[in-house]
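S.K.: Next comes the structure file data-v5.cif, holding mmCIF, C-alpha atoms.
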```cif
data_entry
#
loop_
_atom_site.label_atom_id
_atom_site.label_comp_id
_atom_site.auth_asym_id
_atom_site.auth_seq_id
_atom_site.Cartn_x
_atom_site.Cartn_y
_atom_site.Cartn_z
CA MET A 153 -9.24 -19.72 10.15
CA LEU A 154 -8.58 -16.62 8.06
CA LYS A 155 -5.31 -15.02 9.15
CA LYS A 156 -4.54 -11.35 9.75
CA ARG A 157 -2.10 -10.19 7.08
CA ILE A 158 1.22 -8.36 7.58
CA ILE A 159 2.09 -6.31 4.50
CA PRO A 160 5.38 -4.44 3.91
CA CYS A 161 5.13 -1.54 1.47
CA LEU A 162 8.08 -0.74 -0.82
CA ASP A 163 8.44 2.72 -2.36
CA ILE A 164 9.88 2.52 -5.86
CA LYS A 165 11.54 5.31 -7.82
CA ASP A 166 13.04 4.72 -11.29
CA GLY A 167 12.96 0.98 -10.67
CA ARG A 168 14.81 1.18 -7.35
CA THR A 169 13.68 0.92 -3.71
CA VAL A 170 13.76 4.39 -2.19
CA LYS A 171 14.67 3.66 1.39
CA GLY A 172 15.76 0.70 3.38
CA ILE A 173 18.64 -1.05 5.00
CA ASN A 174 20.58 -4.08 3.91
CA PHE A 175 19.25 -7.14 5.67
CA VAL A 176 21.72 -9.88 6.43
CA ASP A 177 20.58 -11.97 3.49
CA ILE A 178 20.71 -9.26 0.84
CA THR A 179 23.51 -7.07 -0.45
CA ASP A 180 21.48 -4.33 -2.15
CA ALA A 181 18.43 -2.96 -0.35
CA GLY A 182 17.90 -0.66 -3.34
CA ASP A 183 17.05 -3.66 -5.51
CA PRO A 184 13.28 -4.18 -5.22
CA ILE A 185 13.52 -7.83 -6.26
CA GLU A 186 16.12 -8.69 -3.62
CA LEU A 187 14.20 -6.81 -0.94
CA ALA A 188 10.90 -8.43 -1.99
CA LYS A 189 12.45 -11.91 -1.90
CA SER A 190 13.84 -11.20 1.55
CA TYR A 191 10.40 -10.15 2.79
CA VAL A 192 8.85 -13.31 1.35
CA LYS A 193 11.46 -15.39 3.16
CA GLN A 194 10.75 -13.49 6.39
CA GLY A 195 7.06 -14.42 6.14
CA ALA A 196 5.38 -11.32 4.69
CA ASP A 197 1.83 -12.26 3.64
CA GLU A 198 1.63 -9.89 0.70
CA LEU A 199 3.64 -7.00 -0.73
CA VAL A 200 2.68 -3.54 -1.95
CA PHE A 201 4.90 -1.67 -4.43
CA LEU A 202 4.22 2.04 -4.61
CA ASP A 203 5.80 3.73 -7.63
CA ILE A 204 6.67 7.35 -6.94
CA THR A 205 8.53 7.95 -10.21
CA ALA A 206 7.39 11.11 -11.92
CA THR A 207 8.98 10.71 -15.35
CA ILE A 208 7.40 9.96 -18.70
CA GLU A 209 9.31 6.71 -18.97
CA LYS A 210 7.60 5.59 -15.80
CA ARG A 211 5.21 2.97 -17.13
CA LYS A 212 7.81 1.11 -19.18
CA THR A 213 10.20 0.87 -16.22
CA LEU A 214 7.39 -0.17 -13.91
CA VAL A 215 6.08 -2.87 -16.24
CA GLU A 216 9.59 -4.33 -16.58
CA LEU A 217 9.96 -4.34 -12.82
CA VAL A 218 6.53 -5.96 -12.27
CA THR A 219 7.43 -8.66 -14.79
CA HIS A 220 10.61 -9.49 -12.83
CA ILE A 221 8.83 -9.41 -9.46
CA ALA A 222 6.16 -11.81 -10.73
CA GLU A 223 8.84 -14.19 -11.98
CA GLU A 224 10.60 -14.24 -8.63
CA ILE A 225 8.05 -14.16 -5.81
CA ASN A 226 5.34 -16.65 -4.88
CA ILE A 227 2.98 -14.50 -2.80
CA PRO A 228 0.43 -11.91 -3.98
CA PHE A 229 1.48 -8.34 -4.67
CA THR A 230 -0.19 -5.02 -5.39
CA VAL A 231 1.17 -2.24 -7.56
CA GLY A 232 0.15 1.39 -7.08
CA GLY A 233 1.25 4.92 -7.73
CA GLY A 234 0.17 6.88 -10.77
CA ILE A 235 -2.26 4.26 -12.10
CA ASN A 236 -4.57 6.61 -14.01
CA THR A 237 -6.17 4.68 -16.83
CA ILE A 238 -7.47 1.21 -17.63
CA GLU A 239 -4.43 0.90 -19.95
CA ASP A 240 -2.09 1.46 -16.98
CA VAL A 241 -3.99 -1.23 -15.06
CA SER A 242 -3.94 -3.66 -17.95
CA ALA A 243 -0.16 -3.24 -18.40
CA VAL A 244 0.73 -4.07 -14.78
CA ILE A 245 -1.85 -6.87 -14.40
CA LYS A 246 -0.67 -8.52 -17.62
CA ALA A 247 2.91 -8.21 -16.38
CA GLY A 248 1.88 -10.34 -13.37
CA ALA A 249 0.65 -8.03 -10.59
CA ASP A 250 -2.24 -9.52 -8.64
CA LYS A 251 -3.87 -6.21 -7.78
CA VAL A 252 -3.55 -2.51 -8.51
CA SER A 253 -4.16 0.28 -6.06
CA VAL A 254 -5.76 3.52 -7.18
CA ASN A 255 -5.93 6.67 -5.10
CA SER A 256 -6.11 10.20 -6.61
CA SER A 257 -7.16 8.80 -9.99
CA ALA A 258 -10.22 7.12 -8.41
CA VAL A 259 -11.27 10.35 -6.71
CA LYS A 260 -10.88 12.24 -9.98
CA ASN A 261 -12.63 9.54 -12.02
CA PRO A 262 -14.64 7.13 -9.80
CA LYS A 263 -15.78 5.18 -12.89
CA LEU A 264 -12.20 3.87 -13.15
CA ILE A 265 -12.95 1.57 -10.18
CA THR A 266 -15.90 0.01 -12.01
CA GLU A 267 -13.96 -0.24 -15.27
CA ILE A 268 -11.15 -2.17 -13.55
CA ALA A 269 -13.62 -4.39 -11.65
CA ASN A 270 -15.51 -5.24 -14.84
CA GLU A 271 -12.39 -6.02 -16.82
CA PHE A 272 -10.22 -7.78 -14.22
CA GLY A 273 -12.56 -8.51 -11.29
CA SER A 274 -13.13 -6.68 -8.01
CA GLN A 275 -10.33 -8.65 -6.35
CA CYS A 276 -7.88 -6.68 -8.53
CA VAL A 277 -8.96 -3.25 -7.27
CA VAL A 278 -7.53 -1.88 -4.06
CA VAL A 279 -8.74 1.65 -3.41
CA ALA A 280 -6.09 3.51 -1.41
CA ILE A 281 -7.38 6.38 0.69
CA ASP A 282 -5.30 9.01 2.48
CA THR A 283 -7.43 10.37 5.29
CA LYS A 284 -6.89 13.24 7.72
CA TYR A 285 -8.88 14.39 10.73
CA VAL A 286 -9.88 18.01 10.04
CA ASP A 287 -12.32 20.04 12.14
CA GLY A 288 -13.98 17.01 13.71
CA GLU A 289 -14.30 15.02 10.47
CA TRP A 290 -12.14 12.41 8.71
CA MET A 291 -11.64 13.78 5.17
CA VAL A 292 -10.12 12.34 1.96
CA PHE A 293 -6.88 13.88 0.68
CA VAL A 294 -5.23 13.27 -2.71
CA HIS A 295 -1.88 13.83 -4.50
CA GLY A 296 0.14 12.16 -1.77
CA GLY A 297 -1.87 13.96 0.89
CA ARG A 298 -1.08 17.45 -0.44
CA THR A 299 -4.57 18.30 -1.69
CA ALA A 300 -7.78 18.37 0.35
CA THR A 301 -11.05 17.15 -1.17
CA PRO A 302 -14.66 17.79 -0.07
CA LEU A 303 -15.11 14.01 0.40
CA LYS A 304 -15.84 12.62 3.85
CA THR A 305 -13.92 9.37 4.30
CA LEU A 306 -16.96 7.38 5.49
CA ASP A 307 -19.00 8.50 2.45
CA TRP A 308 -16.17 7.74 0.04
CA VAL A 309 -15.53 4.19 1.34
CA LYS A 310 -19.20 3.28 0.93
CA LYS A 311 -19.16 4.68 -2.59
CA VAL A 312 -16.02 2.79 -3.67
CA GLU A 313 -17.50 -0.47 -2.36
CA VAL A 314 -20.59 0.04 -4.54
CA LEU A 315 -18.39 0.97 -7.51
CA GLY A 316 -16.61 -2.40 -7.26
CA ALA A 317 -13.55 -2.03 -5.01
CA GLY A 318 -12.28 -5.35 -3.65
CA GLU A 319 -10.28 -3.93 -0.73
CA ILE A 320 -9.58 -0.60 0.94
CA LEU A 321 -6.08 0.52 1.92
CA LEU A 322 -6.67 3.20 4.53
CA THR A 323 -3.78 5.48 5.53
CA SER A 324 -4.25 7.95 8.35
CA MET A 325 -2.14 11.02 7.60
CA ASN A 326 -2.42 12.06 11.26
CA ASN A 327 -0.68 8.84 12.27
CA ASP A 328 1.65 8.19 9.31
CA GLY A 329 5.27 8.60 10.32
CA THR A 330 4.50 9.11 14.02
CA LYS A 331 5.17 5.51 15.10
CA ALA A 332 2.50 6.17 17.74
CA GLY A 333 0.10 3.48 16.54
CA PHE A 334 -2.62 3.01 13.92
CA ALA A 335 -5.68 5.30 13.76
CA LEU A 336 -8.01 2.86 15.49
CA ASP A 337 -11.19 4.94 15.42
CA ILE A 338 -11.39 5.64 11.68
CA THR A 339 -10.10 2.14 10.85
CA GLU A 340 -12.93 0.61 12.87
CA GLN A 341 -15.53 3.03 11.49
CA VAL A 342 -14.47 2.20 7.92
CA SER A 343 -14.41 -1.56 8.65
CA LYS A 344 -17.95 -1.34 10.00
CA ALA A 345 -19.16 0.84 7.11
CA VAL A 346 -18.14 -1.57 4.35
CA ASN A 347 -18.18 -5.34 3.87
CA ILE A 348 -14.89 -5.53 1.92
CA PRO A 349 -11.54 -6.09 3.67
CA VAL A 350 -9.72 -3.05 5.07
CA ILE A 351 -5.92 -2.77 5.22
CA ALA A 352 -4.81 -0.32 7.91
CA SER A 353 -1.75 1.83 7.31
CA GLY A 354 0.09 4.64 9.03
CA GLY A 355 1.57 4.85 12.52
CA ALA A 356 2.95 1.37 13.22
CA GLY A 357 5.91 1.74 15.58
CA THR A 358 5.78 -1.30 17.85
CA LYS A 359 4.63 -4.91 17.76
CA GLY A 360 1.94 -3.96 20.25
CA HIS A 361 0.44 -1.54 17.72
CA PHE A 362 -0.41 -4.47 15.44
CA LYS A 363 -1.92 -6.41 18.35
CA THR A 364 -4.10 -3.42 19.27
CA LEU A 365 -5.09 -2.94 15.63
CA PHE A 366 -6.27 -6.54 15.26
CA GLU A 367 -7.92 -6.70 18.70
CA SER A 368 -9.81 -3.43 18.59
CA THR A 369 -10.77 -3.17 14.91
CA ASP A 370 -11.98 -5.47 12.13
CA ALA A 371 -8.98 -4.59 9.92
CA SER A 372 -7.93 -7.59 7.83
CA ALA A 373 -4.31 -6.49 7.47
CA GLY A 374 -1.69 -4.08 8.76
CA LEU A 375 0.67 -2.33 6.37
CA ALA A 376 3.94 -0.59 7.22
CA ALA A 377 7.10 0.56 5.49
CA SER A 378 9.92 2.02 7.56
CA ILE A 379 9.74 -0.28 10.58
CA PHE A 380 10.28 -3.23 8.24
CA HIS A 381 12.81 -1.54 5.91
CA TYR A 382 15.02 -0.35 8.72
CA GLY A 383 14.78 -3.71 10.45
CA GLU A 384 13.26 -2.12 13.56
CA ILE A 385 10.68 -4.88 13.74
CA PRO A 386 11.70 -8.08 11.96
CA ILE A 387 8.61 -9.77 10.51
CA PRO A 388 9.31 -13.19 12.11
CA GLU A 389 9.59 -11.50 15.53
CA LEU A 390 6.32 -9.61 14.93
CA LYS A 391 4.52 -12.78 13.89
CA GLN A 392 5.87 -14.77 16.83
CA TYR A 393 4.67 -12.03 19.16
CA LEU A 394 1.19 -11.88 17.58
CA GLN A 395 0.88 -15.66 17.75
CA ASN A 396 1.78 -15.60 21.45
CA GLU A 397 -0.90 -12.93 21.89
CA ASN A 398 -3.47 -15.24 20.24
CA ILE A 399 -3.83 -13.24 17.03
CA ALA A 400 -4.38 -15.61 14.08
CA ILE A 401 -1.40 -15.21 11.75
CA ARG A 402 0.17 -17.31 9.02
CA TRP A 403 3.17 -19.21 10.26
CA THR A 404 5.53 -20.55 7.63
CA MET B 1408 5.10 -30.40 -21.53
CA ILE B 1409 2.46 -28.75 -19.36
CA ALA B 1410 -0.44 -26.98 -21.10
CA ILE B 1411 -2.01 -23.96 -19.42
CA ILE B 1412 -5.43 -23.36 -20.92
CA LYS B 1413 -5.66 -19.88 -22.41
CA TYR B 1414 -8.98 -18.17 -21.99
CA ASN B 1415 -10.34 -14.78 -21.01
CA ALA B 1416 -9.24 -14.93 -17.39
CA GLY B 1417 -6.35 -13.32 -15.56
CA ASN B 1418 -3.63 -14.91 -13.48
CA ILE B 1419 -2.29 -17.16 -16.25
CA ARG B 1420 1.16 -15.57 -16.19
CA SER B 1421 1.50 -16.28 -12.46
CA VAL B 1422 0.89 -19.99 -13.03
CA GLN B 1423 3.53 -20.12 -15.76
CA ASN B 1424 6.01 -18.28 -13.52
CA ALA B 1425 5.41 -20.86 -10.78
CA LEU B 1426 6.01 -23.74 -13.23
CA ASN B 1427 9.21 -22.06 -14.44
CA ARG B 1428 10.47 -21.80 -10.85
CA LEU B 1429 9.85 -25.55 -10.48
CA GLY B 1430 11.76 -26.23 -13.71
CA TYR B 1431 8.80 -27.32 -15.87
CA ASN B 1432 8.27 -26.22 -19.47
CA SER B 1433 4.78 -25.00 -20.23
CA ILE B 1434 2.75 -23.47 -23.01
CA ILE B 1435 -0.24 -21.18 -22.71
CA THR B 1436 -2.61 -22.43 -25.39
CA ASP B 1437 -6.20 -22.77 -26.56
CA ASN B 1438 -5.23 -25.27 -29.26
CA LYS B 1439 -7.06 -28.60 -28.91
CA GLU B 1440 -4.16 -30.78 -30.13
CA GLU B 1441 -1.64 -29.06 -27.86
CA ILE B 1442 -3.93 -29.39 -24.83
CA LEU B 1443 -4.66 -33.07 -25.45
CA ALA B 1444 -0.99 -33.87 -26.14
CA ALA B 1445 0.26 -32.34 -22.87
CA ASP B 1446 1.45 -34.47 -19.93
CA LYS B 1447 -0.52 -32.29 -17.51
CA VAL B 1448 -3.05 -29.52 -17.99
CA ILE B 1449 -3.66 -26.51 -15.76
CA PHE B 1450 -6.96 -24.64 -15.97
CA PRO B 1451 -6.37 -21.39 -14.09
CA GLY B 1452 -8.48 -18.33 -13.72
CA VAL B 1453 -9.60 -15.25 -11.98
CA GLY B 1454 -12.68 -13.71 -13.50
CA GLU B 1455 -16.41 -13.95 -13.98
CA ALA B 1456 -18.15 -17.32 -14.52
CA SER B 1457 -20.69 -16.60 -17.28
CA SER B 1458 -18.29 -14.73 -19.57
CA ALA B 1459 -15.60 -17.36 -19.00
CA MET B 1460 -18.02 -20.24 -19.84
CA LYS B 1461 -19.24 -18.40 -22.94
CA TYR B 1462 -15.64 -17.96 -24.09
CA LEU B 1463 -14.90 -21.67 -23.51
CA ARG B 1464 -18.01 -22.75 -25.45
CA ASP B 1465 -17.37 -20.35 -28.33
CA LYS B 1466 -13.85 -21.77 -28.69
CA GLY B 1467 -15.02 -25.38 -28.26
CA LEU B 1468 -12.77 -25.65 -25.21
CA ASP B 1469 -15.58 -27.09 -23.05
CA ASP B 1470 -15.54 -30.36 -25.02
CA VAL B 1471 -11.74 -30.36 -25.13
CA ILE B 1472 -11.56 -30.12 -21.32
CA LEU B 1473 -14.09 -32.94 -20.85
CA SER B 1474 -12.03 -35.21 -23.13
CA ILE B 1475 -8.73 -34.69 -21.27
CA LYS B 1476 -7.37 -38.02 -19.99
CA LYS B 1477 -4.15 -36.73 -18.38
CA PRO B 1478 -4.22 -35.05 -14.93
CA MET B 1479 -5.79 -31.62 -15.01
CA LEU B 1480 -5.71 -29.03 -12.20
CA GLY B 1481 -8.33 -26.28 -12.05
CA ILE B 1482 -7.49 -23.23 -9.94
CA CYS B 1483 -9.96 -20.76 -8.35
CA LEU B 1484 -12.47 -19.89 -11.10
CA GLY B 1485 -11.19 -23.06 -12.79
CA LEU B 1486 -12.59 -25.13 -9.87
CA GLN B 1487 -15.91 -23.29 -10.02
CA LEU B 1488 -16.26 -23.80 -13.79
CA MET B 1489 -15.65 -27.55 -13.30
CA CYS B 1490 -18.80 -27.76 -11.10
CA ASP B 1491 -22.40 -28.26 -12.32
CA TYR B 1492 -23.66 -24.75 -11.89
CA SER B 1493 -22.64 -21.30 -10.62
CA GLU B 1494 -24.91 -18.62 -9.21
CA GLU B 1495 -22.50 -16.08 -10.72
CA GLY B 1496 -24.28 -14.98 -13.87
CA ASP B 1497 -26.70 -17.96 -13.53
CA THR B 1498 -24.20 -20.16 -15.35
CA LYS B 1499 -24.35 -23.81 -16.39
CA CYS B 1500 -20.77 -25.04 -15.99
CA LEU B 1501 -18.74 -28.07 -17.13
CA GLY B 1502 -20.34 -30.58 -14.75
CA ILE B 1503 -17.20 -32.53 -13.81
CA PHE B 1504 -17.91 -32.10 -10.09
CA ASN B 1505 -21.46 -32.57 -8.79
CA ALA B 1506 -21.55 -29.33 -6.87
CA GLN B 1507 -23.26 -25.96 -6.91
CA VAL B 1508 -21.29 -22.72 -6.69
CA LYS B 1509 -22.92 -20.09 -4.48
CA LYS B 1510 -22.23 -16.54 -3.39
CA PHE B 1511 -20.98 -16.06 0.17
CA PRO B 1512 -23.64 -14.46 2.37
CA PRO B 1513 -22.36 -11.12 3.72
CA ASN B 1514 -21.96 -12.39 7.31
CA GLU B 1515 -18.28 -11.46 7.20
CA LYS B 1516 -15.97 -9.62 4.82
CA VAL B 1517 -16.48 -10.67 1.18
CA PRO B 1518 -14.41 -11.33 -0.93
CA HIS B 1519 -12.70 -13.98 1.20
CA ILE B 1520 -9.17 -12.59 0.73
CA GLY B 1521 -6.08 -13.87 2.43
CA TRP B 1522 -4.45 -16.91 3.98
CA ASN B 1523 -6.59 -19.67 5.41
CA SER B 1524 -5.95 -23.16 6.76
CA PHE B 1525 -7.98 -26.36 6.31
CA SER B 1526 -10.40 -28.29 8.48
CA ASP B 1527 -9.76 -31.47 6.52
CA ILE B 1528 -7.44 -32.69 3.73
CA LYS B 1529 -6.86 -36.02 2.01
CA GLY B 1530 -5.38 -37.53 -1.13
CA GLU B 1531 -2.19 -37.32 -3.16
CA LEU B 1532 -2.49 -33.59 -3.89
CA PHE B 1533 -1.90 -32.89 -0.19
CA GLN B 1534 1.13 -35.09 0.38
CA ASP B 1535 3.50 -33.36 2.88
CA ILE B 1536 0.87 -30.65 3.52
CA LYS B 1537 -0.81 -30.27 6.92
CA THR B 1538 -4.27 -28.97 7.85
CA ASP B 1539 -2.75 -25.97 9.65
CA ASN B 1540 -0.81 -24.88 6.56
CA ASP B 1541 -2.27 -21.73 5.02
CA MET B 1542 -3.11 -21.17 1.36
CA TYR B 1543 -3.98 -17.88 -0.35
CA TYR B 1544 -7.63 -17.38 -1.32
CA VAL B 1545 -9.43 -14.61 -3.16
CA HIS B 1546 -13.05 -15.33 -4.09
CA SER B 1547 -16.65 -14.24 -3.51
CA TYR B 1548 -18.29 -17.52 -4.61
CA TYR B 1549 -17.67 -20.98 -3.15
CA ALA B 1550 -18.35 -24.57 -4.16
CA GLU B 1551 -20.53 -26.63 -1.82
CA LYS B 1552 -18.93 -29.68 -0.24
CA ASN B 1553 -19.70 -33.06 -1.81
CA SER B 1554 -18.27 -36.60 -2.00
CA GLN B 1555 -15.56 -35.38 -4.41
CA THR B 1556 -14.26 -32.84 -1.88
CA VAL B 1557 -10.66 -33.63 -0.81
CA ALA B 1558 -10.03 -30.48 1.25
CA THR B 1559 -12.34 -28.30 3.30
CA CYS B 1560 -11.91 -24.68 4.36
CA ASP B 1561 -14.05 -22.75 6.83
CA TYR B 1562 -14.97 -19.15 6.10
CA ILE B 1563 -18.59 -18.13 6.65
CA LYS B 1564 -19.41 -21.64 5.38
CA SER B 1565 -17.54 -24.92 5.38
CA PHE B 1566 -16.80 -25.09 1.64
CA ALA B 1567 -14.88 -27.24 -0.87
CA SER B 1568 -11.30 -26.03 -0.89
CA ALA B 1569 -10.17 -28.81 -3.23
CA MET B 1570 -11.93 -31.48 -5.28
CA GLN B 1571 -10.96 -34.58 -7.23
CA LYS B 1572 -12.71 -36.90 -9.66
CA ASN B 1573 -10.59 -39.41 -11.60
CA ASN B 1574 -7.93 -37.36 -13.45
CA PHE B 1575 -9.58 -34.03 -12.61
CA TYR B 1576 -8.24 -32.02 -9.65
CA ALA B 1577 -9.10 -28.51 -8.54
CA THR B 1578 -8.31 -26.01 -5.79
CA GLN B 1579 -10.23 -22.89 -4.75
CA PHE B 1580 -7.02 -21.34 -3.42
CA HIS B 1581 -4.08 -20.18 -5.53
CA PRO B 1582 -1.17 -22.61 -5.07
CA GLU B 1583 0.94 -20.41 -7.38
CA LYS B 1584 0.56 -17.55 -4.85
CA SER B 1585 0.73 -19.61 -1.65
CA ALA B 1586 4.46 -19.49 -0.91
CA GLU B 1587 6.27 -22.77 -0.14
CA VAL B 1588 3.14 -24.75 0.78
CA GLY B 1589 1.49 -23.83 -2.51
CA THR B 1590 4.64 -24.79 -4.36
CA GLN B 1591 4.53 -28.19 -2.60
CA LEU B 1592 0.96 -28.74 -3.84
CA LEU B 1593 1.93 -27.83 -7.42
CA LYS B 1594 4.87 -30.21 -7.14
CA ASN B 1595 2.54 -32.98 -5.90
CA PHE B 1596 0.29 -32.41 -8.92
CA LEU B 1597 3.17 -32.26 -11.40
CA GLU B 1598 4.61 -35.51 -10.03
CA LEU B 1599 1.31 -37.46 -10.27
#
```
As structure tokens, what does this structure read like?
M.R.:
Amino acid sequence: MLKKRIIPCLDIKDGRTVKGINFVDITDAGDPIELAKSYVKQGADELVFLDITATIEKRKTLVELVTHIAEEINIPFTVGGGINTIEDVSAVIKAGADKVSVNSSAVKNPKLITEIANEFGSQCVVVAIDTKYVDGEWMVFVHGGRTATPLKTLDWVKKVEVLGAGEILLTSMNNDGTKAGFALDITEQVSKAVNIPVIASGGAGTKGHFKTLFESTDASAGLAASIFHYGEIPIPELKQYLQNENIAIRWT
Amino acid sequence: MIAIIKYNAGNIRSVQNALNRLGYNSIITDNKEEILAADKVIFPGVGEASSAMKYLRDKGLDDVILSIKKPMLGICLGLQLMCDYSEEGDTKCLGIFNAQVKKFPPNEKVPHIGWNSFSDIKGELFQDIKTDNDMYYVHSYYAEKNSQTVATCDYIKSFASAMQKNNFYATQFHPEKSAEVGTQLLKNFLEL
């Protein structure tokens, strides 16, 4: 049986993890490699690294980091944040990333999705979408959620599937940071609208939120950052809970 | 020395990283002598079948692969290219396994991405691995089950998760990305 995936997201700035606490088995939560290895040990099914560095030196630092991550961890990982060109994609994939996620750059240049799919396969392309409920409609936002677009989320997801996306990472801005639960309605609408896997993000605050996500939507995975970084919900505890609740998860 | 066949497919670096973690030296090569001299050969791949087969034929690597006498492990696209035929790009493949590769019908999410267990496993590749262990898959095409199938996975269809014929082994999943269980499978292959 295909398992529901639990995916921690790590924010990276200048090669360091932005936030997080020191777990018992690591001494430096700012070291992305140590934190990633700890998550793997805890049973994370996949990892997402989101680079929020804004400097010119960005790509070089990121490629070095991706190379080290790929040497050290034995589960799949996605790299996103400022991936604008096929050259950016090529650099991180060749360094060992399994997938890239594109967000604003795909809205600006939708052909990028097809270019990546043609060169590296659809399985490499995760289209990340920041969505916000505005005047009765779920809309697409870009630039870290700061800029509105005229795109309706349900139209955009169908388009990115046709263009060659392999997965959708859907973040509800209304829910992100609230710890009040995932946006179940738009997650389910998106899952029904496309035939590619959907990763739900934004709003996870309790173990029960993951159970509700997997029971009431077709989401293939749940992604969260702070609840894992700050140790609020240890991954083994979350997985044990989901297993007891008869959600199919990977048990290591 | 382990040879990893170099061709126009991704994911090769990940395989080498996994071998390094297990303490094995490897080379990524498309050189016939180096491939045939290796103790073990790994034929990895993520990519598209017709362009991959064309690349192998243009480089003469199709004949090299068929003449390998040491254990060889195909991974993901590697498994599919070792079959008779793939619907992807209407491609005649290497014909090591008597199986057809077909596209998943869109009954459920495609690609099949994520961790999945087995309905059946057998043989030396799966020593110390259990049917309820999960491996990481990412694919839109699958190989039909046949008498050479040594592991079965269920997703939309019951398909060949692993195959073996003489010295040729192959897995649809990515052992190099499948945490400790995947590492165990690689170890089993390397210790054959």
S.K.: Find the residues in chain A near chain B: any atom within 7 Å counts, using only C-alpha atoms. Write them as a count of residues only.
M.R.: 17
S.K.: As an exercise, work out the distance from CA of Val314 (chain A) to CA of Asp1497 (chain B) in Å and give it to one decimal place.
M.R.: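 Between CA of Val314 (chain A) and CA of Asp1497 (chain B) the gap works out to 21.0 Å.
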S.K.: Can you pull out the residues contacting Ala1569 (chain B)? Cut-off 9 Å, using all atoms listed in the file, and skip same-chain residues under 3 positions away; I want them as a PyMOL selection string.
M.R.: chain B and resi 1486+1528+1555-1560+1576-1580
S.K.: Which residues, protein or nucleic acid, reach to within 12 Å of (-25.4, -21.4, -14.6) in the file's coordinates when using only C-alpha atoms, and can you give that as a PyMOL selection string?
M.R.: chain B and resi 1455-1461+1487-1502+1506-1509
S.K.: Could you write out that same residue set with C-alpha atoms as a short mmCIF file (atom, residue, chain, number, x, y, z; two decimals), in the frame of the given file?
M.R.:
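Final output, out-v7.cif:
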```
data_model
loop_
_atom_site.label_atom_id
_atom_site.label_comp_id
_atom_site.auth_asym_id
_atom_site.auth_seq_id
_atom_site.Cartn_x
_atom_site.Cartn_y
_atom_site.Cartn_z
CA GLU B 1455 -16.41 -13.95 -13.98
CA ALA B 1456 -18.15 -17.32 -14.52
CA SER B 1457 -20.69 -16.60 -17.28
CA SER B 1458 -18.29 -14.73 -19.57
CA ALA B 1459 -15.60 -17.36 -19.00
CA MET B 1460 -18.02 -20.24 -19.84
CA LYS B 1461 -19.24 -18.40 -22.94
CA GLN B 1487 -15.91 -23.29 -10.02
CA LEU B 1488 -16.26 -23.80 -13.79
CA MET B 1489 -15.65 -27.55 -13.30
CA CYS B 1490 -18.80 -27.76 -11.10
CA ASP B 1491 -22.40 -28.26 -12.32
CA TYR B 1492 -23.66 -24.75 -11.89
CA SER B 1493 -22.64 -21.30 -10.62
CA GLU B 1494 -24.91 -18.62 -9.21
CA GLU B 1495 -22.50 -16.08 -10.72
CA GLY B 1496 -24.28 -14.98 -13.87
CA ASP B 1497 -26.70 -17.96 -13.53
CA THR B 1498 -24.20 -20.16 -15.35
CA LYS B 1499 -24.35 -23.81 -16.39
CA CYS B 1500 -20.77 -25.04 -15.99
CA LEU B 1501 -18.74 -28.07 -17.13
CA GLY B 1502 -20.34 -30.58 -14.75
CA ALA B 1506 -21.55 -29.33 -6.87
CA GLN B 1507 -23.26 -25.96 -6.91
CA VAL B 1508 -21.29 -22.72 -6.69
CA LYS B 1509 -22.92 -20.09 -4.48
#
```
S.K.: Spell out the residues picked by the PyMOL selection byres ((chain B and resi 1408) around 12) here, as a compact mmCIF listing (two decimals) with C-alpha atoms, in the frame of the given file.
M.R.:
```txt
# COMPACT_ATOMS: atom_id res chain seq x y z
CA ILE B 1409 2.46 -28.75 -19.36
CA ALA B 1410 -0.44 -26.98 -21.10
CA ILE B 1411 -2.01 -23.96 -19.42
CA GLN B 1423 3.53 -20.12 -15.76
CA LEU B 1426 6.01 -23.74 -13.23
CA ASN B 1427 9.21 -22.06 -14.44
CA GLY B 1430 11.76 -26.23 -13.71
CA TYR B 1431 8.80 -27.32 -15.87
CA ASN B 1432 8.27 -26.22 -19.47
CA SER B 1433 4.78 -25.00 -20.23
CA ILE B 1434 2.75 -23.47 -23.01
CA ILE B 1435 -0.24 -21.18 -22.71
CA THR B 1436 -2.61 -22.43 -25.39
CA GLU B 1441 -1.64 -29.06 -27.86
CA ILE B 1442 -3.93 -29.39 -24.83
CA LEU B 1443 -4.66 -33.07 -25.45
CA ALA B 1444 -0.99 -33.87 -26.14
CA ALA B 1445 0.26 -32.34 -22.87
CA ASP B 1446 1.45 -34.47 -19.93
CA LYS B 1447 -0.52 -32.29 -17.51
CA VAL B 1448 -3.05 -29.52 -17.99
CA ILE B 1449 -3.66 -26.51 -15.76
CA LYS B 1477 -4.15 -36.73 -18.38
CA LEU B 1597 3.17 -32.26 -11.40
```
S.K.: Could you state which residues are captured by the PyMOL selection byres ((chain A and resi 187-204) around 8) in this file, as an MDAnalysis selection string?
M.R.: (chainID A and resid 157:165 175 177:178 180:186 205:206 214 221 224:234 386:388 402:404) or (chainID B and resid 1522 1586)
S.K.: Run the PyMOL selection byres ((chain B and resi 1468) around 10) mentally over the shown coordinates, then write out the matched residues as a list in words, using the chain letters and numbers from the document.
M.R.: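 Given this file, the PyMOL selection byres ((chain B and resi 1468) around 10) evaluates to Ile1412, Lys1413, Tyr1414, Asp1437, Asn1438, Lys1439, Ile1442, Met1460, Lys1461, Tyr1462, Leu1463, Arg1464, Asp1465, Lys1466, Gly1467, Asp1469, Asp1470, Val1471, Ile1472, Leu1473 and Ser1474 of chain B.
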S.K.: Just give me the residues with any atom within 10 Å of (-22.1, 2.5, 3.1), file coordinates, counting all atoms listed in the file, written as a list of chain:residue names.
M.R.: A:Leu306, A:Asp307, A:Trp308, A:Val309, A:Lys310, A:Lys311, A:Val312, A:Glu313, A:Val314, A:Val342, A:Lys344, A:Ala345, A:Val346, A:Asn347
